[in-house]
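Note: the block below is entry_28.cif and it holds mmCIF, C-alpha atoms.
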data_query
loop_
_atom_site.group_PDB
_atom_site.id
_atom_site.type_symbol
_atom_site.label_atom_id
_atom_site.label_comp_id
_atom_site.auth_asym_id
_atom_site.auth_seq_id
_atom_site.Cartn_x
_atom_site.Cartn_y
_atom_site.Cartn_z
ATOM 1 C CA MET A 21 -37.694 -1.089 15.323
ATOM 2 C CA GLN A 22 -36.116 -4.544 15.519
ATOM 3 C CA TYR A 23 -34.761 -6.782 18.273
ATOM 4 C CA TYR A 24 -32.130 -9.497 17.902
ATOM 5 C CA SER A 25 -30.545 -12.119 20.074
ATOM 6 C CA LEU A 26 -26.801 -11.509 20.173
ATOM 7 C CA ALA A 27 -26.302 -15.244 20.294
ATOM 8 C CA GLU A 28 -27.229 -17.695 17.549
ATOM 9 C CA GLY A 29 -25.897 -15.524 14.731
ATOM 10 C CA LEU A 30 -27.987 -12.425 15.452
ATOM 11 C CA ARG A 31 -31.336 -14.211 15.409
ATOM 12 C CA PRO A 32 -34.243 -11.752 14.929
ATOM 13 C CA LEU A 33 -36.829 -11.762 17.715
ATOM 14 C CA GLU A 34 -40.165 -11.709 15.952
ATOM 15 C CA GLU A 35 -42.212 -11.344 19.119
ATOM 16 C CA GLY A 36 -40.567 -8.121 20.218
ATOM 17 C CA LEU A 37 -38.506 -7.465 23.318
ATOM 18 C CA PRO A 38 -38.297 -10.349 25.826
ATOM 19 C CA THR A 39 -38.961 -9.341 29.425
ATOM 20 C CA ALA A 40 -36.356 -11.499 31.179
ATOM 21 C CA GLU A 41 -33.484 -12.106 28.806
ATOM 22 C CA THR A 42 -30.019 -10.644 28.388
ATOM 23 C CA GLY A 43 -27.907 -10.531 25.258
ATOM 24 C CA ILE A 44 -30.464 -8.434 23.367
ATOM 25 C CA LEU A 45 -29.644 -6.071 20.509
ATOM 26 C CA ALA A 46 -32.197 -3.329 19.882
ATOM 27 C CA VAL A 47 -31.954 -1.446 16.580
ATOM 28 C CA LEU A 48 -34.032 1.723 16.668
ATOM 29 C CA ALA A 49 -34.435 4.833 14.577
ATOM 30 C CA PRO A 50 -33.916 8.147 16.422
ATOM 31 C CA GLU A 51 -37.639 8.914 16.407
ATOM 32 C CA GLU A 52 -38.372 5.562 18.117
ATOM 33 C CA LEU A 53 -36.169 6.151 21.165
ATOM 34 C CA GLU A 54 -38.907 7.740 23.270
ATOM 35 C CA THR A 55 -41.613 5.147 22.618
ATOM 36 C CA ALA A 56 -39.868 1.804 21.988
ATOM 37 C CA PRO A 57 -39.303 -0.497 25.002
ATOM 38 C CA LEU A 58 -35.699 -1.123 26.035
ATOM 39 C CA PRO A 59 -34.044 -3.766 28.237
ATOM 40 C CA PRO A 60 -33.490 -2.809 31.902
ATOM 41 C CA HIS A 61 -30.676 -0.302 32.642
ATOM 42 C CA LEU A 62 -30.278 0.462 28.938
ATOM 43 C CA HIS A 63 -30.799 4.123 28.089
ATOM 44 C CA PRO A 64 -30.509 6.120 24.848
ATOM 45 C CA PRO A 65 -26.955 7.432 24.411
ATOM 46 C CA LEU A 66 -26.373 11.135 24.994
ATOM 47 C CA PRO A 67 -23.386 12.910 23.429
ATOM 48 C CA PRO A 68 -20.882 14.778 25.603
ATOM 49 C CA ALA A 69 -21.800 18.407 26.249
ATOM 50 C CA GLY A 70 -20.629 20.817 23.556
ATOM 51 C CA LEU A 71 -19.759 18.132 21.019
ATOM 52 C CA ARG A 72 -20.979 18.396 17.444
ATOM 53 C CA GLU A 73 -22.210 14.818 17.404
ATOM 54 C CA ASN A 74 -22.819 14.675 13.678
ATOM 55 C CA GLN A 75 -19.129 15.107 12.907
ATOM 56 C CA TYR A 76 -17.117 13.052 15.391
ATOM 57 C CA CYS A 77 -16.726 9.630 16.940
ATOM 58 C CA TRP A 78 -16.949 9.632 20.717
ATOM 59 C CA LEU A 79 -17.068 7.209 23.640
ATOM 60 C CA ARG A 80 -18.157 7.450 27.265
ATOM 61 C CA VAL A 81 -17.660 4.694 29.870
ATOM 62 C CA GLU A 82 -19.406 5.049 33.238
ATOM 63 C CA GLN A 83 -19.955 2.359 35.891
ATOM 64 C CA GLY A 84 -20.131 -0.594 33.556
ATOM 65 C CA GLU A 85 -22.164 1.234 30.939
ATOM 66 C CA ILE A 86 -20.836 2.317 27.560
ATOM 67 C CA ALA A 87 -22.215 4.920 25.178
ATOM 68 C CA GLY A 88 -20.614 6.103 21.982
ATOM 69 C CA GLN A 89 -20.888 7.023 18.355
ATOM 70 C CA ILE A 90 -19.139 5.896 15.194
ATOM 71 C CA ARG A 91 -19.272 8.171 12.181
ATOM 72 C CA THR A 92 -17.791 7.080 8.861
ATOM 73 C CA PRO A 93 -16.480 9.801 6.535
ATOM 74 C CA GLN A 94 -17.990 10.735 3.212
ATOM 75 C CA ARG A 95 -16.255 8.927 0.403
ATOM 76 C CA ALA A 96 -16.403 8.948 -3.378
ATOM 77 C CA GLY A 97 -19.871 7.716 -4.275
ATOM 78 C CA GLN A 98 -20.744 6.991 -0.632
ATOM 79 C CA PRO A 99 -22.410 9.283 1.899
ATOM 80 C CA ALA A 100 -21.297 9.586 5.502
ATOM 81 C CA HIS A 101 -22.964 7.261 8.013
ATOM 82 C CA ARG A 102 -23.591 7.600 11.746
ATOM 83 C CA LEU A 103 -24.309 4.880 14.295
ATOM 84 C CA THR A 104 -24.834 5.614 17.993
ATOM 85 C CA PHE A 105 -24.778 2.812 20.553
ATOM 86 C CA ALA A 106 -25.323 2.131 24.254
ATOM 87 C CA TRP A 107 -24.269 -0.984 26.218
ATOM 88 C CA ALA A 108 -25.503 -1.985 29.672
ATOM 89 C CA GLN A 109 -25.985 -5.292 31.519
ATOM 90 C CA GLY A 110 -25.073 -7.357 28.449
ATOM 91 C CA ASN A 111 -27.667 -5.640 26.239
ATOM 92 C CA LEU A 112 -26.921 -3.317 23.370
ATOM 93 C CA LEU A 113 -28.855 -0.474 21.747
ATOM 94 C CA LEU A 114 -27.949 0.620 18.228
ATOM 95 C CA VAL A 115 -29.425 3.902 16.982
ATOM 96 C CA ASP A 116 -29.684 3.895 13.191
ATOM 97 C CA HIS A 117 -29.578 7.518 12.016
ATOM 98 C CA ASP A 118 -29.501 6.889 8.254
ATOM 99 C CA ARG A 119 -30.785 3.329 7.680
ATOM 100 C CA PHE A 120 -27.251 1.941 7.563
ATOM 101 C CA ALA A 121 -27.560 -0.542 10.431
ATOM 102 C CA GLY A 122 -29.335 -3.194 8.349
ATOM 103 C CA GLU A 123 -26.412 -3.420 5.951
ATOM 104 C CA CYS A 124 -23.964 -3.683 8.852
ATOM 105 C CA LEU A 125 -25.986 -6.432 10.541
ATOM 106 C CA GLY A 126 -26.023 -8.450 7.327
ATOM 107 C CA ARG A 127 -22.261 -8.214 7.037
ATOM 108 C CA ILE A 128 -21.764 -9.112 10.700
ATOM 109 C CA ALA A 129 -23.969 -12.188 10.353
ATOM 110 C CA GLN A 130 -21.805 -13.356 7.434
ATOM 111 C CA MET A 131 -18.480 -12.818 9.215
ATOM 112 C CA ARG A 132 -19.264 -14.660 12.480
ATOM 113 C CA PRO A 133 -18.074 -18.236 11.808
ATOM 114 C CA HIS A 134 -16.172 -18.107 15.113
ATOM 115 C CA GLY A 135 -19.453 -18.479 17.005
ATOM 116 C CA ALA A 136 -18.895 -15.355 19.070
ATOM 117 C CA ASP A 137 -21.828 -13.887 20.935
ATOM 118 C CA GLY A 138 -22.430 -11.187 23.495
ATOM 119 C CA ALA A 139 -22.385 -7.412 23.291
ATOM 120 C CA ASP A 140 -18.582 -7.264 23.476
ATOM 121 C CA ASN A 141 -18.068 -9.437 20.391
ATOM 122 C CA PHE A 142 -20.843 -7.658 18.500
ATOM 123 C CA LEU A 143 -19.260 -4.267 19.138
ATOM 124 C CA VAL A 144 -15.887 -5.510 17.858
ATOM 125 C CA ASP A 145 -17.646 -7.051 14.846
ATOM 126 C CA LEU A 146 -19.286 -3.702 14.130
ATOM 127 C CA LEU A 147 -15.930 -1.908 14.238
ATOM 128 C CA LEU A 148 -14.367 -4.481 11.929
ATOM 129 C CA VAL A 149 -17.273 -4.312 9.472
ATOM 130 C CA LEU A 150 -17.084 -0.525 9.237
ATOM 131 C CA THR A 151 -13.408 -0.745 8.197
ATOM 132 C CA ARG A 152 -13.571 -3.970 6.184
ATOM 133 C CA ASP A 153 -13.266 -2.383 2.721
ATOM 134 C CA ASP A 154 -11.229 0.657 3.728
ATOM 135 C CA LEU A 155 -7.975 -0.666 2.253
ATOM 136 C CA MET A 156 -9.668 -0.937 -1.154
ATOM 137 C CA ASP A 157 -10.947 2.623 -0.777
ATOM 138 C CA LEU A 158 -7.419 3.816 -0.003
ATOM 139 C CA GLN A 159 -6.120 1.949 -3.042
ATOM 140 C CA GLN A 160 -8.662 3.796 -5.174
ATOM 141 C CA LEU A 161 -7.400 7.082 -3.735
ATOM 142 C CA GLU A 162 -3.850 6.013 -4.599
ATOM 143 C CA THR A 163 -4.945 5.228 -8.167
ATOM 144 C CA ARG A 164 -6.484 8.698 -8.480
ATOM 145 C CA LEU A 165 -3.264 10.234 -7.184
ATOM 146 C CA THR A 166 -1.218 8.200 -9.663
ATOM 147 C CA ASN A 167 -3.430 9.319 -12.553
ATOM 148 C CA LEU A 168 -3.083 12.915 -11.394
ATOM 149 C CA GLU A 169 0.702 12.544 -11.300
ATOM 150 C CA GLN A 170 0.722 11.164 -14.845
ATOM 151 C CA ALA A 171 -1.338 14.168 -15.951
ATOM 152 C CA VAL A 172 1.223 16.505 -14.367
ATOM 153 C CA LEU A 173 4.091 14.755 -16.145
ATOM 154 C CA ALA A 174 2.153 15.006 -19.428
ATOM 155 C CA ASP A 175 1.657 18.736 -18.771
ATOM 156 C CA GLU A 176 -2.129 18.313 -18.582
ATOM 157 C CA THR A 177 -2.703 20.437 -15.498
ATOM 158 C CA ASP A 178 -5.838 22.422 -16.345
ATOM 159 C CA LYS A 179 -7.885 20.883 -13.498
ATOM 160 C CA PHE A 180 -5.020 19.957 -11.196
ATOM 161 C CA ILE A 181 -5.733 22.376 -8.337
ATOM 162 C CA ARG A 182 -9.410 21.412 -8.071
ATOM 163 C CA GLN A 183 -8.683 17.674 -8.251
ATOM 164 C CA MET A 184 -5.836 17.853 -5.746
ATOM 165 C CA SER A 185 -7.938 19.922 -3.367
ATOM 166 C CA ALA A 186 -10.686 17.268 -3.439
ATOM 167 C CA LEU A 187 -8.171 14.476 -2.828
ATOM 168 C CA ARG A 188 -6.568 16.319 0.072
ATOM 169 C CA LYS A 189 -9.962 16.801 1.714
ATOM 170 C CA GLU A 190 -10.758 13.100 1.372
ATOM 171 C CA LEU A 191 -7.371 12.106 2.813
ATOM 172 C CA ASN A 192 -7.805 14.500 5.728
ATOM 173 C CA ARG A 193 -11.235 13.028 6.470
ATOM 174 C CA GLU A 194 -9.840 9.499 6.372
ATOM 175 C CA ASN A 195 -6.917 10.390 8.629
ATOM 176 C CA ARG A 196 -9.220 12.105 11.157
ATOM 177 C CA PHE A 197 -11.604 9.116 11.074
ATOM 178 C CA TYR A 198 -8.848 6.605 11.827
ATOM 179 C CA ALA A 199 -7.429 8.798 14.576
ATOM 180 C CA GLN A 200 -10.849 8.903 16.234
ATOM 181 C CA LEU A 201 -11.351 5.147 15.811
ATOM 182 C CA ALA A 202 -7.950 4.476 17.355
ATOM 183 C CA ASP A 203 -8.830 6.695 20.307
ATOM 184 C CA LEU A 204 -12.208 4.966 20.693
ATOM 185 C CA ALA A 205 -10.671 1.466 20.627
ATOM 186 C CA SER A 206 -7.913 2.498 23.047
ATOM 187 C CA SER A 207 -10.526 3.866 25.446
ATOM 188 C CA LEU A 208 -12.424 0.577 25.247
ATOM 189 C CA GLN A 209 -9.254 -1.336 26.059
ATOM 190 C CA GLU A 210 -8.338 0.848 29.020
ATOM 191 C CA ASP A 211 -11.668 1.915 30.538
ATOM 192 C CA ALA A 212 -13.883 -1.080 29.739
ATOM 193 C CA ALA A 213 -11.428 -3.982 29.830
ATOM 194 C CA ASP A 214 -13.543 -5.840 32.412
ATOM 195 C CA LEU A 215 -16.511 -5.906 29.992
ATOM 196 C CA PHE A 216 -14.630 -7.799 27.270
ATOM 197 C CA ASP A 217 -13.894 -11.511 27.411
ATOM 198 C CA ARG A 218 -10.570 -12.900 26.245
ATOM 199 C CA ARG A 219 -11.725 -13.518 22.672
ATOM 200 C CA SER A 220 -13.235 -10.067 22.153
ATOM 201 C CA ALA A 221 -10.272 -8.332 23.851
ATOM 202 C CA LYS A 222 -7.899 -10.101 21.463
ATOM 203 C CA ARG A 223 -9.993 -9.113 18.454
ATOM 204 C CA LEU A 224 -10.177 -5.537 19.740
ATOM 205 C CA GLY A 225 -6.377 -5.466 19.814
ATOM 206 C CA TYR A 226 -6.369 -6.710 16.222
ATOM 207 C CA PHE A 227 -8.784 -3.948 15.252
ATOM 208 C CA LEU A 228 -6.555 -1.343 16.893
ATOM 209 C CA ARG A 229 -3.521 -2.581 14.927
ATOM 210 C CA ARG A 230 -5.590 -2.595 11.742
ATOM 211 C CA VAL A 231 -6.690 0.994 12.267
ATOM 212 C CA GLY A 232 -3.070 1.944 12.915
ATOM 213 C CA ASN A 233 -2.035 0.373 9.605
ATOM 214 C CA LEU A 234 -4.855 2.145 7.761
ATOM 215 C CA ARG A 235 -3.849 5.466 9.295
ATOM 216 C CA GLU A 236 -0.214 4.902 8.278
ATOM 217 C CA GLU A 237 -1.389 4.150 4.738
ATOM 218 C CA THR A 238 -3.425 7.356 4.748
ATOM 219 C CA GLN A 239 -0.446 9.384 5.920
ATOM 220 C CA MET A 240 1.702 7.852 3.171
ATOM 221 C CA LEU A 241 -0.916 8.920 0.627
ATOM 222 C CA ARG A 242 -0.887 12.448 2.091
ATOM 223 C CA GLU A 243 2.885 12.547 1.625
ATOM 224 C CA TYR A 244 2.434 11.236 -1.918
ATOM 225 C CA ALA A 245 -0.061 14.036 -2.584
ATOM 226 C CA SER A 246 2.482 16.573 -1.299
ATOM 227 C CA GLN A 247 5.108 15.149 -3.667
ATOM 228 C CA ILE A 248 2.699 15.444 -6.601
ATOM 229 C CA SER A 249 1.992 19.059 -5.637
ATOM 230 C CA SER A 250 5.737 19.702 -5.633
ATOM 231 C CA GLU A 251 5.999 18.129 -9.088
ATOM 232 C CA TYR A 252 3.164 20.355 -10.291
ATOM 233 C CA GLN A 253 4.889 23.442 -8.904
ATOM 234 C CA ALA A 254 8.144 22.383 -10.570
ATOM 235 C CA GLN A 255 6.269 21.938 -13.862
ATOM 236 C CA VAL A 256 4.759 25.425 -13.490
ATOM 237 C CA ASP A 257 8.210 26.862 -12.777
ATOM 238 C CA ILE A 258 9.661 25.148 -15.858
ATOM 239 C CA THR A 259 6.875 26.552 -18.020
ATOM 240 C CA GLN A 260 7.403 30.042 -16.616
ATOM 241 C CA ASN A 261 11.140 29.773 -17.196
ATOM 242 C CA ARG A 262 10.531 28.801 -20.808
ATOM 243 C CA VAL A 263 8.252 31.798 -21.308
ATOM 244 C CA MET A 264 10.746 34.160 -19.679
ATOM 245 C CA LYS A 265 13.559 32.686 -21.773
ATOM 246 C CA LEU A 266 11.573 33.232 -24.975
ATOM 247 C CA LEU A 267 10.701 36.796 -23.974
ATOM 248 C CA THR A 268 14.340 37.499 -23.178
ATOM 249 C CA ILE A 269 15.489 36.156 -26.552
ATOM 250 C CA VAL A 270 12.866 38.185 -28.431
ATOM 251 C CA THR A 271 13.818 41.312 -26.480
ATOM 252 C CA THR A 272 17.526 40.748 -27.194
ATOM 253 C CA ILE A 273 16.883 40.252 -30.914
ATOM 254 C CA PHE A 274 14.880 43.451 -31.307
ATOM 255 C CA LEU A 275 16.931 45.620 -28.961
ATOM 256 C CA PRO A 276 19.435 46.607 -31.724
ATOM 257 C CA LEU A 277 16.508 47.480 -33.995
ATOM 258 C CA SER A 278 15.157 49.762 -31.276
ATOM 259 C CA LEU A 279 18.565 51.436 -31.121
ATOM 260 C CA ILE A 280 18.581 51.997 -34.887
ATOM 261 C CA ALA A 281 15.014 53.345 -34.803
ATOM 262 C CA GLY A 282 15.895 55.704 -31.971
ATOM 263 C CA TRP A 283 19.087 56.799 -33.673
ATOM 264 C CA TYR A 284 17.501 57.675 -37.018
ATOM 265 C CA GLY A 285 14.418 59.058 -35.335
ATOM 266 C CA MET A 286 16.449 62.042 -34.079
ATOM 267 C CA ASN A 287 15.585 65.269 -35.861
ATOM 268 C CA PHE A 288 19.033 65.960 -37.369
ATOM 269 C CA THR A 289 18.914 67.066 -41.028
ATOM 270 C CA ASN A 290 22.695 66.898 -41.561
ATOM 271 C CA MET A 291 22.950 63.088 -41.137
ATOM 272 C CA PRO A 292 24.693 61.828 -44.345
ATOM 273 C CA GLU A 293 22.489 58.678 -44.596
ATOM 274 C CA LEU A 294 19.422 60.883 -45.105
ATOM 275 C CA HIS A 295 20.889 62.277 -48.365
ATOM 276 C CA TRP A 296 22.190 58.931 -49.656
ATOM 277 C CA ALA A 297 20.040 57.320 -52.351
ATOM 278 C CA LEU A 298 20.609 53.821 -50.863
ATOM 279 C CA GLY A 299 20.333 54.934 -47.237
ATOM 280 C CA TYR A 300 16.875 53.471 -46.628
ATOM 281 C CA PRO A 301 17.641 50.043 -48.221
ATOM 282 C CA ALA A 302 20.954 49.968 -46.336
ATOM 283 C CA VAL A 303 19.214 50.433 -42.973
ATOM 284 C CA ILE A 304 16.713 47.691 -43.845
ATOM 285 C CA PHE A 305 19.556 45.360 -44.861
ATOM 286 C CA ALA A 306 21.457 46.099 -41.629
ATOM 287 C CA ALA A 307 18.347 45.384 -39.544
ATOM 288 C CA VAL A 308 17.707 42.072 -41.310
ATOM 289 C CA LEU A 309 21.386 41.125 -41.010
ATOM 290 C CA ILE A 310 21.396 41.859 -37.247
ATOM 291 C CA VAL A 311 18.219 39.815 -36.619
ATOM 292 C CA ALA A 312 19.477 36.864 -38.698
ATOM 293 C CA GLY A 313 22.878 36.957 -37.002
ATOM 294 C CA LEU A 314 21.347 36.914 -33.502
ATOM 295 C CA ILE A 315 18.963 34.076 -34.393
ATOM 296 C CA LEU A 316 21.848 31.961 -35.731
ATOM 297 C CA TYR A 317 23.880 32.743 -32.615
ATOM 298 C CA PHE A 318 21.098 31.733 -30.251
ATOM 299 C CA ARG A 319 20.434 28.512 -32.167
ATOM 300 C CA ARG A 320 24.118 27.625 -32.056
ATOM 301 C CA LYS A 321 24.010 28.113 -28.284
ATOM 302 C CA LYS A 322 20.812 25.973 -28.218
ATOM 303 C CA TRP A 323 18.913 28.632 -26.318
ATOM 304 C CA PHE A 324 15.784 27.902 -28.353
#
Kindly return the structure encoded in the file as structure tokens.
Amino acid sequence: MQYYSLAEGLRPLEEGLPTAETGILAVLAPEELETAPLPPHLHPPLPPAGLRENQYCWLRVEQGEIAGQIRTPQRAGQPAHRLTFAWAQGNLLLVDHDRFAGECLGRIAQMRPHGADGADNFLVDLLLVLTRDDLMDLQQLETRLTNLEQAVLADETDKFIRQMSALRKELNRENRFYAQLADLASSLQEDAADLFDRRSAKRLGYFLRRVGNLREETQMLREYASQISSEYQAQVDITQNRVMKLLTIVTTIFLPLSLIAGWYGMNFTNMPELHWALGYPAVIFAAVLIVAGLILYFRRKKWF
């Protein structure tokens, strides 16, 4: 349980919640919502009916009050995080579900040289902080895709399907996250425009453009992943064609020998070769000559 003044660079209030002051930020754990005091008209946020709140971002605007949730996706080496908030009468409540709020507040305090204060600017700051390093994360995903493509070109595809499946899941999570953030920011612009001053409304528009760019980058990476999958399939097809070509050549080489074996395997005692002293060596010589001739022919045609 911690209270801050939204002005003065998020100054902590050591004496607890003031009784007659606006511009208060309350950061509470979920188990503290029922017992901790809150500013007037500020109530714990409730998710929309039927929504699986642990998986989605959502926003509700009603009569000058805002409630919503921001959920970041799980990333490589980073767990998913969830922050729920409520805004009323210039005061803000932030519900910290997984002890992530402290890190966000530290980042916000460092990025506020513009002197912005108020719940509107803090909410925009929070959105910007949650997406501050996302471009670097997407670049890391691109690097992993590039390494996977190089492995495909080097015909090192033993773990390709598992690695590509993991990358596709991460890209889908990122794309869904940015789509939800864009919808949340658009709803703030349209349904709560009167609650944002000129500065915060301008920065909210910047955030919306930034999320759009991040989503476009994610979609480009999804297309890149599809191209790599096509390259992998082409590599598999080439390998299969080589195997089939080799099997065809081997079958063609030994087909005449099968004919000879079937011919002399017939139970005819009056065949002249059976009574010839050199009949057996002659058949062996003919078989070797046929195999050698076919191999030379195929090599001349560069079939193997």
**Request:** Spell out the residues picked by the PyMOL selection byres ((chain A and resi 111-121) around 8) here, as a ChimeraX atom specification.
**Result:** /A:42-50,59,62,64,101-110,122-125,139
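The set of residues that the PyMOL selection byres ((chain A and resi 27) around 8) takes from this file is A:Ser25, A:Leu26, A:Glu28, A:Gly29, A:Leu30, A:Arg31, A:Gly43, A:Ala136, A:Asp137, A:Gly138.
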**Request:** Run the PyMOL selection byres ((chain A and resi 219) around 10) on the file and write out the hits as a PyMOL selection string.
**Result:** chain A and resi 134+136+140-141+216-218+220-224
Around all the atoms of stretch 209-218 of chain A listed in the file, with 6 Å of room on each side, what axis-aligned box do you get, giving centre and edge lengths in Å to one decimal, as AutoDock Vina command-line options?
--center_x -12.4 --center_y -5.5 --center_z 29.2 --size_x 20.2 --size_y 26.8 --size_z 18.4
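Residues in contact range of A:Ile128, defined as at most 7 Å between only C-alpha atoms, with sequence neighbours fewer than 5 positions away removed, read Asp145, Leu146 and Val149 of chain A.
With only C-alpha atoms as the basis for measurement, A:Ile280 is the residue among A:Leu148, A:Leu79, A:Ile280, A:Ala254 that approaches A:Ala306 most closely.
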